[in-house]
Amino acid sequence: MFGFLRSTTSNDNTLSDTQVNESYRYWRLHIMIGMYIGYAGFYFTRKTFNYAAPAMITDLGLDKGDLGLIGTLFYISYGLSKFLSGTISDRSNPRYFMGLGLIATGLINIAFGFSSSLAAFISLWVLNAWFQGWGWPSCSKLLTTWYSRSERGFRWAIWNTAHNIGGALIPILVGYLTLHYSWREGFILPGIIGVAIGLIVCWRLRDKPTTMGLPSVGKWRNDPLELAQENHGQGLSYREILKTYVFSNKYIWLLAFSYVLVYIVRTAVNDWGNLYLTEEHNYSLINANAALSLFEIGGFVGSLVAGWGSDKLFGGNRGPMNILFAIGIFLSVSALWLMPLTNFVFQAAGLFSVGFFVFGPQMLIGMAAAECSHKDSAGAATGFVGLFAYMGAALSGYPLAVILETYGWTGFFITISTCAAVIGLLLLPFLQAQSPQKPIETRVRL
């Protein structure tokens, strides 16, 4: 790792209590803003292909199999990057690791806009997926080092809405550029925006508090749960931490399998939703993308409700809120499928409902992986479950395209409805696993 990417060693705390309080308050706000804008920027360079796809089919003669193949390869590469980059990010400075990753994705989008062959599209989009994996682990490290356990649910939820904002704006932007110019501008302009935001991230983010001469967040807030996690596994090497707190952690594995199904549903609706509306309900591309933006807006609201509810209604217990949202996923997906109306308002409301419920578990599962792992393996833990998540996303690419071409939209919705029903069953054990009587080493707050 290059020197400027490496996380610096901890500095001794020589600041007064007043200086510590002022520094924490200042940097927690500015780091949250930097992470929020930065992760929204990643979605500006990640989802361009999905919303330009119908125009590329018309212009270049691509078919659904081509789109599904590109999507599957993207998600496999992104999932691998999320895990491998997570292990690197635990020892890196997220300020530059995240910022340079975003700059790279912006440049790749610009190059994509000037390409025309399927081979070039596949190569560039797989490379884009690799650098996309530099965003999430960096944010996980910052969220687990600057915010303590008792407050993290709502803070994580606030940050999690960044991709809803990015995801809601990008279909409108790409749809407008495609309608008035071409799909190429739909890649080039978001790419330029991504490069600019990446420079802002390099400027405004910082490393963990202890590298700035501050006490750990657990000591600063005197949070018992946070202090307990900070004291776990002291003296272990990073390899031993990975083995004990990630690969041999049964809760991490259960979260990982749950994530597969959550991402099948989320990615299927997000990636194929505009094609469903254009083919089944005869929407124009701009109207289909506008309706699909309600999916992200619903996710925005749902993430906040899930984070706030798990903190305030259930005392930091993520299990009950996850079960409620899992039930909502099944009901809302079924309603979208069986809805006989083609009216824009009703279809948009259906997509809003799916987004509201699917982004609750999407956010809480990632946070739980960081919370039930070691403090120094947050990036690896979230990256590991993220690898499984994007296996699910990959299954919503080419495999789902085969189901769609063979069985039509009925087969498509039966598949994702089945996945939605199983999510809640996989998360049920966490209701008992979170008993407050259990020792801290086995207590999990999902």
# chains A, B, ... in the order shown; residues from 1 in each chain; ligands from 1

$ residues_around --residues "region 191-202 of chain A" --least-positions-apart "4" --cutoff "10 Å" --atoms "only C-alpha atoms" --output "ChimeraX atom specification"
/A:31,33-46,48,94-113,185-187,206

$ residues_around --residues "Gly350 (chain A)" --least-positions-apart "3" --cutoff "8 Å" --atoms "only C-alpha atoms" --output "mmCIF file with C-alpha atoms, in the first residue's frame"
data_model
loop_
_atom_site.group_PDB
_atom_site.id
_atom_site.type_symbol
_atom_site.label_atom_id
_atom_site.label_comp_id
_atom_site.auth_asym_id
_atom_site.auth_seq_id
_atom_site.Cartn_x
_atom_site.Cartn_y
_atom_site.Cartn_z
ATOM 1 C CA SER A 332 -45.093 -5.010 -1.252
ATOM 2 C CA VAL A 333 -43.421 -7.138 -3.960
ATOM 3 C CA ALA A 335 -48.704 -6.061 -4.500
ATOM 4 C CA LEU A 336 -46.500 -4.646 -7.282
ATOM 5 C CA PHE A 346 -50.147 3.442 -8.431
ATOM 6 C CA GLN A 347 -47.035 1.924 -10.030
ATOM 7 C CA SER A 353 -43.351 0.612 -0.936
ATOM 8 C CA VAL A 354 -40.853 -2.010 -2.127
#

$ residues_around --residues "region 207-211 of chain A" --least-positions-apart "2" --cutoff "12 Å" --atoms "only C-alpha atoms" --output "MDAnalysis selection string"
chainID A and resid 4:15 20:21 23:28 31 89:98 138:147 201:205 213:220 375:376

$ residues_around --residues "region 287-294 of chain A" --least-positions-apart "4" --cutoff "9 Å" --atoms "only C-alpha atoms" --output "ChimeraX atom specification"
/A:51,164,167-172,174-175,269-270,273-278,282-283,298-299,344-345,347-353,355

$ closest_residue --among "A:Ala162, A:Val262, A:Leu84, A:Leu67" --to "Met391 (chain A)" --atoms "only C-alpha atoms"
A:Val262

$ closest_residue --among "A:Thr178, A:Ser115, A:Ser237, A:Ser16" --to "Ser377 (chain A)" --atoms "only C-alpha atoms"
A:Ser237

$ atom_distance --atom1 "CA of Leu60 (chain A)" --atom2 "CA of Thr406 (chain A)"
23.3 Å

$ select_by_dssp --residues "region 84-158 of chain A" --states "alpha helix (DSSP H)" --output "count of residues only"
62

$ closest_residue --among "A:Ile188, A:Ala420, A:Ile88, A:Ile264" --to "Ala380 (chain A)" --atoms "only C-alpha atoms"
A:Ile88

$ atom_distance --atom1 "CA of Val422 (chain A)" --atom2 "CA of Tyr245 (chain A)"
26.0 Å

$ residues_around --residues "Gly328 (chain A)" --least-positions-apart "3" --cutoff "10 Å" --atoms "only C-alpha atoms" --output "mmCIF file with N, CA and C atoms, in the first residue's frame"
data_model
loop_
_atom_site.group_PDB
_atom_site.id
_atom_site.type_symbol
_atom_site.label_atom_id
_atom_site.label_comp_id
_atom_site.auth_asym_id
_atom_site.auth_seq_id
_atom_site.Cartn_x
_atom_site.Cartn_y
_atom_site.Cartn_z
ATOM 1 N N ASN A 322 -36.059 -5.814 11.768
ATOM 2 C CA ASN A 322 -35.769 -6.556 10.554
ATOM 3 C C ASN A 322 -36.903 -7.510 10.174
ATOM 4 N N ILE A 323 -37.502 -8.151 11.171
ATOM 5 C CA ILE A 323 -38.604 -9.071 10.889
ATOM 6 C C ILE A 323 -39.792 -8.309 10.310
ATOM 7 N N LEU A 324 -40.112 -7.167 10.906
ATOM 8 C CA LEU A 324 -41.226 -6.355 10.403
ATOM 9 C C LEU A 324 -40.988 -5.926 8.959
ATOM 10 N N PHE A 325 -39.772 -5.503 8.662
ATOM 11 C CA PHE A 325 -39.462 -5.059 7.312
ATOM 12 C C PHE A 325 -39.433 -6.228 6.329
ATOM 13 N N LEU A 331 -44.973 -8.533 1.134
ATOM 14 C CA LEU A 331 -46.292 -7.982 0.810
ATOM 15 C C LEU A 331 -46.209 -6.930 -0.296
ATOM 16 N N SER A 332 -45.186 -6.080 -0.260
ATOM 17 C CA SER A 332 -45.093 -5.010 -1.252
ATOM 18 C C SER A 332 -44.683 -5.536 -2.625
ATOM 19 N N VAL A 333 -43.791 -6.534 -2.677
ATOM 20 C CA VAL A 333 -43.421 -7.138 -3.960
ATOM 21 C C VAL A 333 -44.633 -7.836 -4.575
ATOM 22 N N SER A 334 -45.381 -8.543 -3.752
ATOM 23 C CA SER A 334 -46.586 -9.218 -4.247
ATOM 24 C C SER A 334 -47.599 -8.212 -4.766
ATOM 25 N N SER A 353 -43.136 1.552 -2.030
ATOM 26 C CA SER A 353 -43.351 0.612 -0.936
ATOM 27 C C SER A 353 -42.262 -0.462 -0.902
ATOM 28 N N VAL A 354 -41.914 -1.004 -2.069
ATOM 29 C CA VAL A 354 -40.853 -2.010 -2.127
ATOM 30 C C VAL A 354 -39.543 -1.416 -1.626
ATOM 31 N N PHE A 356 -39.111 1.133 0.380
ATOM 32 C CA PHE A 356 -39.218 1.421 1.820
ATOM 33 C C PHE A 356 -38.836 0.198 2.639
ATOM 34 N N PHE A 357 -39.381 -0.960 2.278
ATOM 35 C CA PHE A 357 -39.168 -2.144 3.095
ATOM 36 C C PHE A 357 -37.847 -2.857 2.804
ATOM 37 N N VAL A 358 -37.370 -2.833 1.577
ATOM 38 C CA VAL A 358 -36.164 -3.590 1.255
ATOM 39 C C VAL A 358 -34.904 -2.909 1.793
ATOM 40 N N GLY A 360 -34.563 -1.358 4.630
ATOM 41 C CA GLY A 360 -34.385 -1.536 6.063
ATOM 42 C C GLY A 360 -33.389 -2.645 6.363
ATOM 43 N N ALA A 420 -38.176 -13.015 -1.149
ATOM 44 C CA ALA A 420 -38.653 -12.107 -0.112
ATOM 45 C C ALA A 420 -39.242 -12.865 1.071
ATOM 46 N N ALA A 421 -39.926 -13.985 0.785
ATOM 47 C CA ALA A 421 -40.553 -14.748 1.863
ATOM 48 C C ALA A 421 -39.518 -15.429 2.757
ATOM 49 N N GLY A 424 -37.219 -13.286 5.976
ATOM 50 C CA GLY A 424 -37.665 -13.239 7.365
ATOM 51 C C GLY A 424 -37.331 -14.499 8.131
#

$ atom_distance --atom1 "CA of Asp271 (chain A)" --atom2 "CA of Leu387 (chain A)"
18.5 Å

$ closest_residue --among "A:Gly135, A:Pro429, A:Gly86, A:Gly68" --to "Leu242 (chain A)" --atoms "only C-alpha atoms"
A:Gly86

$ residues_around --residues "Ile122 (chain A)" --least-positions-apart "6" --cutoff "10 Å" --atoms "only C-alpha atoms" --output "NGL selection string"
:A and (66-67 or 69-71 or 73-74 or 112 or 128)

$ closest_residue --among "A:Phe359, A:Tyr390, A:Trp125, A:Trp159" --to "Ser303 (chain A)" --atoms "only C-alpha atoms"
A:Phe359

$ residues_around --residues "Gly397 (chain A)" --least-positions-apart "2" --cutoff "6 Å" --atoms "only C-alpha atoms" --output "PyMOL selection string"
chain A and resi 68+71-72+394-395+399-400

$ write_last_selection --atoms "N, CA and C atoms" --output "PDB file, in the first residue's frame"
ATOM      1  N   GLY A  68     -27.848  -8.711 -19.105  1.00  0.00           N
ATOM      2  CA  GLY A  68     -27.742  -9.563 -17.931  1.00  0.00           C
ATOM      3  C   GLY A  68     -26.314 -10.016 -17.675  1.00  0.00           C
ATOM      4  N   GLY A  71     -24.370  -7.121 -16.231  1.00  0.00           N
ATOM      5  CA  GLY A  71     -24.800  -6.928 -14.849  1.00  0.00           C
ATOM      6  C   GLY A  71     -24.230  -7.980 -13.914  1.00  0.00           C
ATOM      7  N   THR A  72     -24.248  -9.244 -14.347  1.00  0.00           N
ATOM      8  CA  THR A  72     -23.737 -10.325 -13.509  1.00  0.00           C
ATOM      9  C   THR A  72     -22.240 -10.182 -13.266  1.00  0.00           C
ATOM     10  N   ALA A 394     -25.658 -10.574  -8.442  1.00  0.00           N
ATOM     11  CA  ALA A 394     -25.257 -11.236  -9.684  1.00  0.00           C
ATOM     12  C   ALA A 394     -26.335 -12.201 -10.171  1.00  0.00           C
ATOM     13  N   LEU A 395     -27.005 -12.860  -9.236  1.00  0.00           N
ATOM     14  CA  LEU A 395     -28.088 -13.768  -9.617  1.00  0.00           C
ATOM     15  C   LEU A 395     -29.263 -13.031 -10.245  1.00  0.00           C
ATOM     16  N   PRO A 399     -28.790 -14.861 -14.708  1.00  0.00           N
ATOM     17  CA  PRO A 399     -29.764 -15.912 -14.357  1.00  0.00           C
ATOM     18  C   PRO A 399     -31.208 -15.423 -14.376  1.00  0.00           C
ATOM     19  N   LEU A 400     -31.448 -14.221 -13.864  1.00  0.00           N
ATOM     20  CA  LEU A 400     -32.816 -13.705 -13.870  1.00  0.00           C
ATOM     21  C   LEU A 400     -33.254 -13.338 -15.291  1.00  0.00           C
TER      22      LEU A 400
END

$ closest_residue --among "A:Tyr176, A:Trp337, A:Phe295, A:Trp136" --to "Gly411 (chain A)" --atoms "only C-alpha atoms"
A:Trp337
